[in-house]
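**Student:** coords-v3.pdb is reproduced in full below (PDB, C-alpha atoms).
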```pdb
MODEL        1
ATOM      1  CA  MET A   1      50.254  -2.476-134.643
ATOM      2  CA  LYS A   2      53.582  -3.321-133.023
ATOM      3  CA  ILE A   3      53.706  -7.003-132.163
ATOM      4  CA  GLY A   4      55.871  -8.649-129.526
ATOM      5  CA  ILE A   5      56.300 -12.427-129.576
ATOM      6  CA  ILE A   6      57.352 -13.583-126.151
ATOM      7  CA  GLY A   7      59.006 -16.957-126.564
ATOM      8  CA  THR A   8      60.441 -18.342-129.800
ATOM      9  CA  GLY A   9      59.988 -22.089-129.455
ATOM     10  CA  ALA A  10      57.488 -24.163-131.426
ATOM     11  CA  ILE A  11      54.389 -21.959-131.129
ATOM     12  CA  GLY A  12      56.144 -18.601-130.919
ATOM     13  CA  GLY A  13      58.372 -19.576-133.831
ATOM     14  CA  LEU A  14      55.397 -20.241-136.091
ATOM     15  CA  PHE A  15      53.700 -16.979-135.118
ATOM     16  CA  LEU A  16      56.960 -15.161-135.857
ATOM     17  CA  ALA A  17      57.489 -16.904-139.185
ATOM     18  CA  TYR A  18      54.009 -16.417-140.590
ATOM     19  CA  LEU A  19      53.232 -12.973-139.189
ATOM     20  CA  SER A  20      56.604 -11.706-140.487
ATOM     21  CA  GLU A  21      55.380 -12.309-144.017
ATOM     22  CA  ARG A  22      52.779  -9.586-143.503
ATOM     23  CA  TYR A  23      53.981  -7.336-140.669
ATOM     24  CA  ASN A  24      57.303  -5.545-140.385
ATOM     25  CA  ASP A  25      57.025  -4.182-136.845
ATOM     26  CA  ILE A  26      57.661  -7.379-134.889
ATOM     27  CA  VAL A  27      60.033  -7.875-131.987
ATOM     28  CA  CYS A  28      60.566 -11.070-130.052
ATOM     29  CA  ILE A  29      62.061 -12.455-126.880
ATOM     30  CA  GLY A  30      64.167 -15.592-126.895
ATOM     31  CA  ARG A  31      66.405 -17.407-124.487
ATOM     32  CA  PRO A  32      70.066 -16.296-124.409
ATOM     33  CA  TYR A  33      71.238 -19.360-126.353
ATOM     34  CA  GLN A  34      68.747 -18.547-129.132
ATOM     35  CA  VAL A  35      69.515 -14.879-129.614
ATOM     36  CA  THR A  36      72.930 -15.347-131.272
ATOM     37  CA  SER A  37      71.590 -17.966-133.696
ATOM     38  CA  PHE A  38      68.508 -15.926-134.600
ATOM     39  CA  LEU A  39      70.602 -12.810-135.269
ATOM     40  CA  LYS A  40      73.275 -14.665-137.229
ATOM     41  CA  GLU A  41      71.276 -17.306-139.090
ATOM     42  CA  GLY A  42      67.589 -16.414-138.740
ATOM     43  CA  LEU A  43      64.712 -18.845-138.131
ATOM     44  CA  PHE A  44      64.146 -21.979-140.219
ATOM     45  CA  VAL A  45      60.634 -23.416-140.576
ATOM     46  CA  GLU A  46      59.625 -26.521-142.499
ATOM     47  CA  GLY A  47      56.595 -28.762-142.574
ATOM     48  CA  VAL A  48      53.080 -28.636-143.940
ATOM     49  CA  ARG A  49      53.530 -25.221-145.594
ATOM     50  CA  GLY A  50      56.953 -25.966-147.052
ATOM     51  CA  ASN A  51      60.276 -24.438-146.090
ATOM     52  CA  LYS A  52      60.771 -20.856-144.911
ATOM     53  CA  HIS A  53      63.833 -18.908-143.832
ATOM     54  CA  ILE A  54      63.120 -15.759-141.843
ATOM     55  CA  LYS A  55      66.006 -13.296-141.614
ATOM     56  CA  ASP A  56      66.580  -9.870-140.047
ATOM     57  CA  ILE A  57      64.808 -10.823-136.823
ATOM     58  CA  ARG A  58      64.671  -8.306-133.988
ATOM     59  CA  ILE A  59      65.265 -10.460-130.935
ATOM     60  CA  SER A  60      66.606  -9.960-127.429
ATOM     61  CA  THR A  61      66.203 -11.561-124.002
ATOM     62  CA  SER A  62      63.744  -8.863-122.853
ATOM     63  CA  LEU A  63      61.617  -6.186-124.470
ATOM     64  CA  LYS A  64      63.392  -2.914-125.197
ATOM     65  CA  ASP A  65      60.269  -1.092-126.401
ATOM     66  CA  LYS A  66      56.559  -1.145-125.650
ATOM     67  CA  VAL A  67      54.347  -3.238-127.902
ATOM     68  CA  ASP A  68      50.646  -3.004-128.757
ATOM     69  CA  LEU A  69      50.091  -6.769-128.769
ATOM     70  CA  ALA A  70      52.194  -9.330-126.900
ATOM     71  CA  ILE A  71      51.745 -12.951-127.930
ATOM     72  CA  LEU A  72      52.869 -14.923-124.898
ATOM     73  CA  ALA A  73      54.282 -18.197-126.204
ATOM     74  CA  VAL A  74      56.280 -19.396-123.201
ATOM     75  CA  LYS A  75      55.145 -22.195-120.905
ATOM     76  CA  THR A  76      52.857 -21.346-117.983
ATOM     77  CA  GLN A  77      55.643 -21.956-115.461
ATOM     78  CA  ASP A  78      57.781 -19.275-117.154
ATOM     79  CA  LEU A  79      55.182 -16.484-117.035
ATOM     80  CA  ASP A  80      56.172 -15.095-113.634
ATOM     81  CA  ALA A  81      59.746 -14.519-114.814
ATOM     82  CA  ILE A  82      58.543 -12.939-118.069
ATOM     83  CA  ILE A  83      56.279 -10.561-116.132
ATOM     84  CA  ALA A  84      59.068  -9.607-113.739
ATOM     85  CA  ASP A  85      61.476  -8.827-116.599
ATOM     86  CA  ASN A  86      59.015  -6.999-118.886
ATOM     87  CA  LYS A  87      56.233  -5.591-116.715
ATOM     88  CA  GLN A  88      56.780  -1.943-117.596
ATOM     89  CA  MET A  89      56.945  -2.619-121.338
ATOM     90  CA  LEU A  90      53.768  -4.725-121.172
ATOM     91  CA  LYS A  91      51.815  -2.447-118.834
ATOM     92  CA  ASN A  92      49.420  -1.130-121.486
ATOM     93  CA  SER A  93      49.736  -3.938-124.020
ATOM     94  CA  ILE A  94      47.082  -6.380-125.120
ATOM     95  CA  LEU A  95      48.291  -9.744-123.833
ATOM     96  CA  MET A  96      47.401 -12.879-125.771
ATOM     97  CA  THR A  97      47.952 -16.148-123.925
ATOM     98  CA  THR A  98      48.654 -19.354-125.843
ATOM     99  CA  GLN A  99      49.404 -21.715-122.953
ATOM    100  CA  ASN A 100      47.802 -25.083-122.341
ATOM    101  CA  GLY A 101      45.676 -25.468-119.224
ATOM    102  CA  VAL A 102      43.559 -22.800-117.527
ATOM    103  CA  THR A 103      46.093 -21.066-115.267
ATOM    104  CA  ALA A 104      48.016 -18.634-117.465
ATOM    105  CA  ASP A 105      45.373 -15.909-117.635
ATOM    106  CA  HIS A 106      44.987 -15.903-113.849
ATOM    107  CA  ILE A 107      48.744 -15.412-113.433
ATOM    108  CA  LEU A 108      48.615 -12.382-115.740
ATOM    109  CA  ALA A 109      45.531 -10.989-113.979
ATOM    110  CA  LYS A 110      47.583 -10.461-110.818
ATOM    111  CA  GLU A 111      49.503  -7.709-112.618
ATOM    112  CA  PHE A 112      47.440  -6.614-115.633
ATOM    113  CA  ARG A 113      43.870  -5.562-116.390
ATOM    114  CA  LYS A 114      41.602  -8.494-117.161
ATOM    115  CA  LYS A 115      40.037  -6.760-120.146
ATOM    116  CA  ASN A 116      43.507  -6.543-121.743
ATOM    117  CA  ILE A 117      44.019 -10.305-121.544
ATOM    118  CA  ILE A 118      42.958 -12.268-124.611
ATOM    119  CA  THR A 119      42.759 -16.010-124.050
ATOM    120  CA  SER A 120      43.719 -18.095-127.051
ATOM    121  CA  ILE A 121      43.753 -21.801-127.787
ATOM    122  CA  VAL A 122      46.287 -22.931-130.378
ATOM    123  CA  MET A 123      45.261 -26.031-132.282
ATOM    124  CA  PHE A 124      48.133 -26.380-134.756
ATOM    125  CA  GLY A 125      51.037 -28.704-133.967
ATOM    126  CA  ALA A 126      54.732 -27.867-134.083
ATOM    127  CA  THR A 127      58.087 -29.237-132.931
ATOM    128  CA  PHE A 128      60.989 -27.034-131.871
ATOM    129  CA  THR A 129      64.603 -28.050-132.509
ATOM    130  CA  PRO A 130      66.957 -25.691-130.653
ATOM    131  CA  PRO A 131      68.142 -23.145-131.250
ATOM    132  CA  ASN A 132      66.339 -21.909-134.376
ATOM    133  CA  LYS A 133      64.377 -24.595-136.219
ATOM    134  CA  VAL A 134      60.644 -25.312-136.110
ATOM    135  CA  LEU A 135      58.762 -28.144-137.797
ATOM    136  CA  HIS A 136      55.097 -27.306-138.514
ATOM    137  CA  ASN A 137      53.531 -30.750-138.076
ATOM    138  CA  PHE A 138      49.873 -30.056-138.784
ATOM    139  CA  GLU A 139      47.449 -27.201-139.340
ATOM    140  CA  GLY A 140      44.844 -25.974-136.873
ATOM    141  CA  GLU A 141      42.930 -22.888-135.869
ATOM    142  CA  VAL A 142      43.487 -20.193-133.249
ATOM    143  CA  VAL A 143      40.509 -19.729-130.910
ATOM    144  CA  LEU A 144      39.994 -16.438-129.045
ATOM    145  CA  GLY A 145      38.020 -15.364-125.986
ATOM    146  CA  ASN A 146      38.364 -13.870-122.512
ATOM    147  CA  ILE A 147      38.379 -16.313-119.622
ATOM    148  CA  PHE A 148      37.144 -13.565-117.256
ATOM    149  CA  LYS A 149      34.121 -12.856-119.454
ATOM    150  CA  GLU A 150      35.245  -9.254-119.911
ATOM    151  CA  PRO A 151      35.918  -9.380-123.643
ATOM    152  CA  ASP A 152      36.814  -6.345-125.706
ATOM    153  CA  GLU A 153      35.114  -7.321-128.946
ATOM    154  CA  LYS A 154      37.043  -4.769-131.008
ATOM    155  CA  ILE A 155      40.391  -6.090-129.815
ATOM    156  CA  MET A 156      39.416  -9.664-130.582
ATOM    157  CA  GLN A 157      38.186  -8.655-134.025
ATOM    158  CA  ASP A 158      41.503  -6.843-134.619
ATOM    159  CA  ILE A 159      43.460  -9.997-133.702
ATOM    160  CA  LYS A 160      41.191 -12.113-135.871
ATOM    161  CA  GLN A 161      41.835  -9.735-138.754
ATOM    162  CA  MET A 162      45.570  -9.871-138.042
ATOM    163  CA  CYS A 163      45.442 -13.662-138.374
ATOM    164  CA  ALA A 164      43.233 -13.671-141.466
ATOM    165  CA  GLY A 165      44.835 -15.682-144.241
ATOM    166  CA  ILE A 166      47.584 -16.841-141.860
ATOM    167  CA  PHE A 167      45.647 -18.892-139.310
ATOM    168  CA  ASP A 168      41.989 -19.828-139.280
ATOM    169  CA  CYS A 169      40.763 -17.770-136.316
ATOM    170  CA  HIS A 170      37.523 -18.031-134.309
ATOM    171  CA  ILE A 171      36.005 -16.120-131.388
ATOM    172  CA  VAL A 172      34.028 -18.138-128.840
ATOM    173  CA  ALA A 173      31.905 -17.084-125.867
ATOM    174  CA  ASP A 174      32.887 -19.827-123.404
ATOM    175  CA  ILE A 175      36.641 -19.969-123.747
ATOM    176  CA  GLN A 176      37.028 -21.665-120.353
ATOM    177  CA  GLY A 177      34.883 -24.605-121.430
ATOM    178  CA  ALA A 178      36.926 -24.815-124.634
ATOM    179  CA  LYS A 179      40.179 -24.621-122.649
ATOM    180  CA  TYR A 180      39.110 -27.581-120.531
ATOM    181  CA  LEU A 181      38.288 -29.495-123.704
ATOM    182  CA  LYS A 182      41.828 -28.722-124.924
ATOM    183  CA  ILE A 183      43.157 -30.178-121.651
ATOM    184  CA  PHE A 184      41.566 -33.478-122.715
ATOM    185  CA  LEU A 185      43.501 -33.278-125.976
ATOM    186  CA  ASN A 186      46.722 -32.601-124.055
ATOM    187  CA  LEU A 187      46.298 -35.243-121.331
ATOM    188  CA  ASN A 188      48.088 -37.840-123.382
ATOM    189  CA  ASN A 189      51.144 -35.710-124.148
ATOM    190  CA  SER A 190      52.262 -37.096-120.799
ATOM    191  CA  ILE A 191      52.664 -40.738-121.845
ATOM    192  CA  PRO A 192      55.319 -40.234-124.571
ATOM    193  CA  ALA A 193      57.104 -37.998-122.052
ATOM    194  CA  CYS A 194      57.256 -40.886-119.564
ATOM    195  CA  ILE A 195      58.641 -43.439-122.020
ATOM    196  CA  GLY A 196      60.637 -41.193-124.368
ATOM    197  CA  LEU A 197      58.846 -42.123-127.571
ATOM    198  CA  SER A 198      57.065 -40.185-130.281
ATOM    199  CA  MET A 199      53.271 -40.079-130.246
ATOM    200  CA  GLN A 200      53.182 -42.478-133.169
ATOM    201  CA  GLU A 201      55.528 -44.991-131.514
ATOM    202  CA  ALA A 202      53.842 -44.809-128.115
ATOM    203  CA  TYR A 203      50.269 -45.148-129.338
ATOM    204  CA  ALA A 204      50.960 -48.029-131.699
ATOM    205  CA  ASP A 205      50.851 -50.163-128.520
ATOM    206  CA  PRO A 206      47.290 -51.204-127.515
ATOM    207  CA  ASP A 207      48.096 -51.275-123.789
ATOM    208  CA  VAL A 208      49.529 -47.756-123.904
ATOM    209  CA  CYS A 209      46.285 -46.669-125.573
ATOM    210  CA  ARG A 210      44.312 -48.321-122.765
ATOM    211  CA  VAL A 211      46.193 -46.122-120.287
ATOM    212  CA  ALA A 212      45.342 -43.124-122.459
ATOM    213  CA  ILE A 213      41.643 -43.976-122.356
ATOM    214  CA  GLY A 214      41.892 -44.378-118.591
ATOM    215  CA  LEU A 215      43.291 -40.850-118.303
ATOM    216  CA  ILE A 216      40.417 -39.457-120.359
ATOM    217  CA  ARG A 217      37.695 -41.339-118.479
ATOM    218  CA  GLU A 218      39.105 -40.410-115.086
ATOM    219  CA  ALA A 219      39.393 -36.747-116.086
ATOM    220  CA  TYR A 220      35.820 -36.728-117.367
ATOM    221  CA  ALA A 221      34.547 -38.158-114.072
ATOM    222  CA  VAL A 222      36.447 -35.454-112.179
ATOM    223  CA  ILE A 223      35.173 -32.477-114.163
ATOM    224  CA  THR A 224      31.630 -33.836-114.189
ATOM    225  CA  GLN A 225      31.676 -34.064-110.399
ATOM    226  CA  ALA A 226      33.108 -30.541-110.256
ATOM    227  CA  LYS A 227      30.312 -29.293-112.580
ATOM    228  CA  ILE A 228      32.821 -27.952-115.102
ATOM    229  CA  GLN A 229      31.203 -27.649-118.517
ATOM    230  CA  LEU A 230      33.102 -28.511-121.676
ATOM    231  CA  ASP A 231      32.513 -26.410-124.762
ATOM    232  CA  ASP A 232      33.180 -27.279-128.385
ATOM    233  CA  LEU A 233      36.228 -26.157-130.314
ATOM    234  CA  PRO A 234      35.662 -25.266-133.978
ATOM    235  CA  SER A 235      37.560 -28.334-135.208
ATOM    236  CA  PHE A 236      36.913 -30.646-132.276
ATOM    237  CA  ASN A 237      33.613 -31.080-130.472
ATOM    238  CA  LYS A 238      33.113 -32.499-127.008
ATOM    239  CA  GLU A 239      31.130 -35.441-128.386
ATOM    240  CA  LYS A 240      34.420 -36.968-129.522
ATOM    241  CA  ILE A 241      35.619 -37.059-125.918
ATOM    242  CA  LEU A 242      32.259 -38.448-124.837
ATOM    243  CA  GLY A 243      32.730 -41.182-127.441
ATOM    244  CA  PHE A 244      35.939 -42.298-125.722
ATOM    245  CA  VAL A 245      34.070 -42.253-122.410
ATOM    246  CA  ARG A 246      31.020 -44.233-123.564
ATOM    247  CA  MET A 247      32.218 -46.806-126.092
ATOM    248  CA  PRO A 248      33.643 -50.182-124.986
ATOM    249  CA  PHE A 249      37.066 -49.790-123.420
ATOM    250  CA  ASP A 250      39.102 -51.764-125.955
ATOM    251  CA  GLU A 251      37.196 -50.254-128.872
ATOM    252  CA  ALA A 252      38.010 -46.770-127.530
ATOM    253  CA  ALA A 253      41.682 -47.716-127.202
ATOM    254  CA  GLY A 254      41.752 -48.998-130.794
ATOM    255  CA  LEU A 255      40.195 -45.832-132.156
ATOM    256  CA  PHE A 256      42.573 -43.708-130.091
ATOM    257  CA  SER A 257      45.537 -45.589-131.569
ATOM    258  CA  LYS A 258      44.308 -45.025-135.111
ATOM    259  CA  ILE A 259      43.907 -41.276-134.519
ATOM    260  CA  MET A 260      47.213 -40.715-132.729
ATOM    261  CA  THR A 261      49.394 -42.751-135.082
ATOM    262  CA  GLY A 262      47.965 -40.804-138.024
ATOM    263  CA  LEU A 263      48.457 -37.284-136.666
ATOM    264  CA  SER A 264      51.570 -36.424-138.646
ATOM    265  CA  LYS A 265      53.918 -37.973-141.196
ATOM    266  CA  GLU A 266      56.832 -36.665-139.162
ATOM    267  CA  PRO A 267      57.443 -37.885-135.580
ATOM    268  CA  LEU A 268      55.349 -35.851-133.139
ATOM    269  CA  TYR A 269      56.639 -35.593-129.590
ATOM    270  CA  GLY A 270      54.242 -33.299-127.768
ATOM    271  CA  SER A 271      55.072 -30.265-125.669
ATOM    272  CA  ILE A 272      55.872 -32.184-122.467
ATOM    273  CA  LEU A 273      58.472 -34.470-124.032
ATOM    274  CA  GLN A 274      59.966 -31.559-125.959
ATOM    275  CA  SER A 275      60.545 -29.726-122.669
ATOM    276  CA  ILE A 276      62.224 -32.796-121.168
ATOM    277  CA  GLN A 277      64.448 -33.160-124.231
ATOM    278  CA  ARG A 278      65.584 -29.558-123.704
ATOM    279  CA  LYS A 279      66.076 -30.214-119.967
ATOM    280  CA  ARG A 280      63.369 -27.683-119.123
ATOM    281  CA  PRO A 281      60.518 -27.984-116.586
ATOM    282  CA  THR A 282      57.324 -29.273-118.186
ATOM    283  CA  GLU A 283      53.738 -28.042-118.049
ATOM    284  CA  ILE A 284      52.468 -31.311-116.575
ATOM    285  CA  ASP A 285      51.093 -29.578-113.451
ATOM    286  CA  TYR A 286      48.763 -27.524-115.665
ATOM    287  CA  ILE A 287      47.423 -30.500-117.622
ATOM    288  CA  ASN A 288      47.232 -33.865-115.838
ATOM    289  CA  GLY A 289      48.114 -32.073-112.618
ATOM    290  CA  GLN A 290      45.137 -29.756-113.127
ATOM    291  CA  ILE A 291      42.806 -32.767-113.175
ATOM    292  CA  ALA A 292      44.398 -34.088-109.975
ATOM    293  CA  ALA A 293      44.054 -30.639-108.359
ATOM    294  CA  VAL A 294      40.359 -30.326-109.278
ATOM    295  CA  ALA A 295      39.758 -33.813-107.886
ATOM    296  CA  LYS A 296      41.434 -32.869-104.608
ATOM    297  CA  GLU A 297      39.329 -29.699-104.344
ATOM    298  CA  GLN A 298      36.201 -31.833-104.730
ATOM    299  CA  GLY A 299      37.288 -34.474-102.221
ATOM    300  CA  GLN A 300      37.718 -36.937-105.079
ATOM    301  CA  GLN A 301      40.585 -39.070-106.264
ATOM    302  CA  ALA A 302      42.286 -39.070-109.641
ATOM    303  CA  PRO A 303      44.909 -41.785-109.111
ATOM    304  CA  LEU A 304      45.872 -42.247-112.755
ATOM    305  CA  ASN A 305      46.378 -38.582-113.605
ATOM    306  CA  GLU A 306      48.147 -38.126-110.282
ATOM    307  CA  LYS A 307      50.435 -41.093-110.998
ATOM    308  CA  ILE A 308      51.250 -39.814-114.491
ATOM    309  CA  THR A 309      52.059 -36.368-113.085
ATOM    310  CA  GLU A 310      54.442 -37.934-110.562
ATOM    311  CA  MET A 311      56.084 -40.038-113.279
ATOM    312  CA  VAL A 312      56.706 -37.050-115.542
ATOM    313  CA  HIS A 313      58.284 -35.173-112.620
ATOM    314  CA  SER A 314      60.481 -38.221-111.983
ATOM    315  CA  VAL A 315      61.717 -38.140-115.587
ATOM    316  CA  GLU A 316      62.303 -34.385-115.296
ATOM    317  CA  THR A 317      64.525 -34.740-112.260
ATOM    318  CA  SER A 318      66.307 -38.002-113.104
ATOM    319  CA  GLY A 319      66.697 -37.571-116.850
ATOM    320  CA  ARG A 320      65.772 -41.256-117.245
ATOM    321  CA  PHE A 321      62.727 -42.454-119.163
ATOM    322  CA  TYR A 322      60.666 -45.421-118.001
ATOM    323  CA  LEU A 323      60.911 -48.627-119.961
ATOM    324  CA  LYS A 324      57.518 -49.174-121.553
ATOM    325  CA  GLU A 325      57.068 -52.408-119.623
ATOM    326  CA  ASP A 326      57.743 -50.655-116.305
ATOM    327  CA  PHE A 327      55.443 -47.793-117.248
ATOM    328  CA  LEU A 328      52.595 -50.220-117.936
ATOM    329  CA  LYS A 329      53.178 -52.082-114.666
ATOM    330  CA  GLU A 330      52.538 -48.845-112.776
ATOM    331  CA  THR A 331      49.602 -47.538-114.809
ATOM    332  CA  LEU A 332      47.655 -50.203-116.713
ATOM    333  CA  GLU A 333      45.960 -51.736-113.687
ATOM    334  CA  ILE A 334      44.736 -48.294-112.596
ATOM    335  CA  ALA A 335      43.514 -47.563-116.112
ATOM    336  CA  ARG A 336      41.536 -50.793-116.227
ATOM    337  CA  ARG A 337      39.389 -49.521-113.345
ATOM    338  CA  TYR A 338      37.694 -47.366-115.982
ATOM    339  CA  ASN A 339      36.843 -50.382-118.175
ATOM    340  CA  GLN A 340      33.086 -49.952-117.885
TER     341      GLN A 340
ENDMDL
END
```
What does this structure look like when you write it as structure tokens?

**Tutor:**
Amino acid sequence: MKIGIIGTGAIGGLFLAYLSERYNDIVCIGRPYQVTSFLKEGLFVEGVRGNKHIKDIRISTSLKDKVDLAILAVKTQDLDAIIADNKQMLKNSILMTTQNGVTADHILAKEFRKKNIITSIVMFGATFTPPNKVLHNFEGEVVLGNIFKEPDEKIMQDIKQMCAGIFDCHIVADIQGAKYLKIFLNLNNSIPACIGLSMQEAYADPDVCRVAIGLIREAYAVITQAKIQLDDLPSFNKEKILGFVRMPFDEAAGLFSKIMTGLSKEPLYGSILQSIQRKRPTEIDYINGQIAAVAKEQGQQAPLNEKITEMVHSVETSGRFYLKEDFLKETLEIARRYNQ
């Protein structure tokens, strides 16, 4: 099978690095500033699996040939441009989404057959250093499904087989419920993006963790009212989120701090902060903004997730991070509303 990797940042870079060890027929799309470095120097990967140097990469800014499988590893907000530039080459391809949130598949469905869209959830963590370096922070599985409930079981089994021995891969029936659970895991990428700190630095502060718990509790209230069902991920079940919702507020914040500060030996920045560091638009509208949007549809309010979304957009446009003290002045009081 001919594989196209669309986007060569953190997630796309790891797919490229590890699949290249087994498959020769791989092409990829990168941004113009990446192409020269990839062609001249290759891709450098380090982290939990050691160091790798991938050479002889076939990369360009758009697809030159048709591919059987396209792994879409750009941010949700970049999908429209990717479709416009590569629609003919992708017309009959199997399209595998990797984006956070629940919007990407619906964007693709405007132009491509739903049965050709494979929804995936990526649970491993990585950090991209432009133009051609990726740090693999921690391991995690790839989860497959079809958000439109039109799955082609053979295609999903083929992708699972492709990943065998490279990534732990699972097929689930309710990928939408699992995607919403992943949103809960991504909600707190937003806080380091507001204050310009790593996950470990940000969540060493108890008050920052209280804001994090407020985000989770508010989001849970919103999706419960909207009758959206969460579904377990293979390595993370929904009961863990329910624990943060039900246990005493400060106890939940303490546990959250312990988990987040122990995620990785290397500094972990999260996808939203990484985008800001590269002066790129973030995916905040598809994570915290998705919770605010669902609340609005239901006639509810989600003031904390809405505030965080606004603050991330402020950092995007101004290039200035909030001082932690100023961040807490704007958010902690709202978060404390969920101290019950």

**Student:** Name the residues that the PyMOL selection byres ((chain A and resi 2) around 8) picks from the file above, as a PyMOL selection string, using the file's chain letters and numbers.

**Tutor:** chain A and resi 1+3-4+25-27+67-69

**Student:** So that I can check the surroundings of segment 224-239 of chain A, please list as a ChimeraX atom specification every protein, DNA and RNA residue that reaches within 8 Å of it, counting all atoms listed in the file and ignoring chain neighbours fewer than 6 positions away.

**Tutor:** /A:140-141,143,170,174-178,180-181,294-295,298

**Student:** For the contact check between segment 29-93 of chain A and segment 118-130 of chain A, emit one row per residue of segment 29-93 of chain A within 9 Å, containing the shortest atom pair and the distance in Å rounded to one decimal, counting only C-alpha atoms, chain then rising number order, as CSV.

**Tutor:**
```
residue,atom,partner,partner_atom,distance
A:Tyr33,CA,A:Pro130,CA,8.8
A:Gln34,CA,A:Pro130,CA,7.5
A:Gly47,CA,A:Ala126,CA,8.7
```

**Student:** Please write as a list in words the full residue list that the PyMOL selection byres ((chain A and resi 114) around 9) yields on this file.

**Tutor:**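 Those residues are Asp105, His106, Leu108, Ala109, Lys110, Phe112, Arg113, Lys115, Asn116, Ile117, Ile118, Asn146, Ile147, Phe148, Lys149, Glu150 and Pro151 of chain A.
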
**Student:** In Å, rounded to a single decimal, give me how far atom CA of Ile29 of chain A is from atom CA of Thr317 of chain A.

**Tutor:**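 Here the two named atoms are 26.8 Å from each other.
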
**Student:** Kindly give the distance, in Å, that separates atom CA of Arg58 of chain A and atom CA of Val35 of chain A, rounded to a single decimal.

**Tutor:**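 Rounded to one decimal, the two atoms are 9.3 Å apart.
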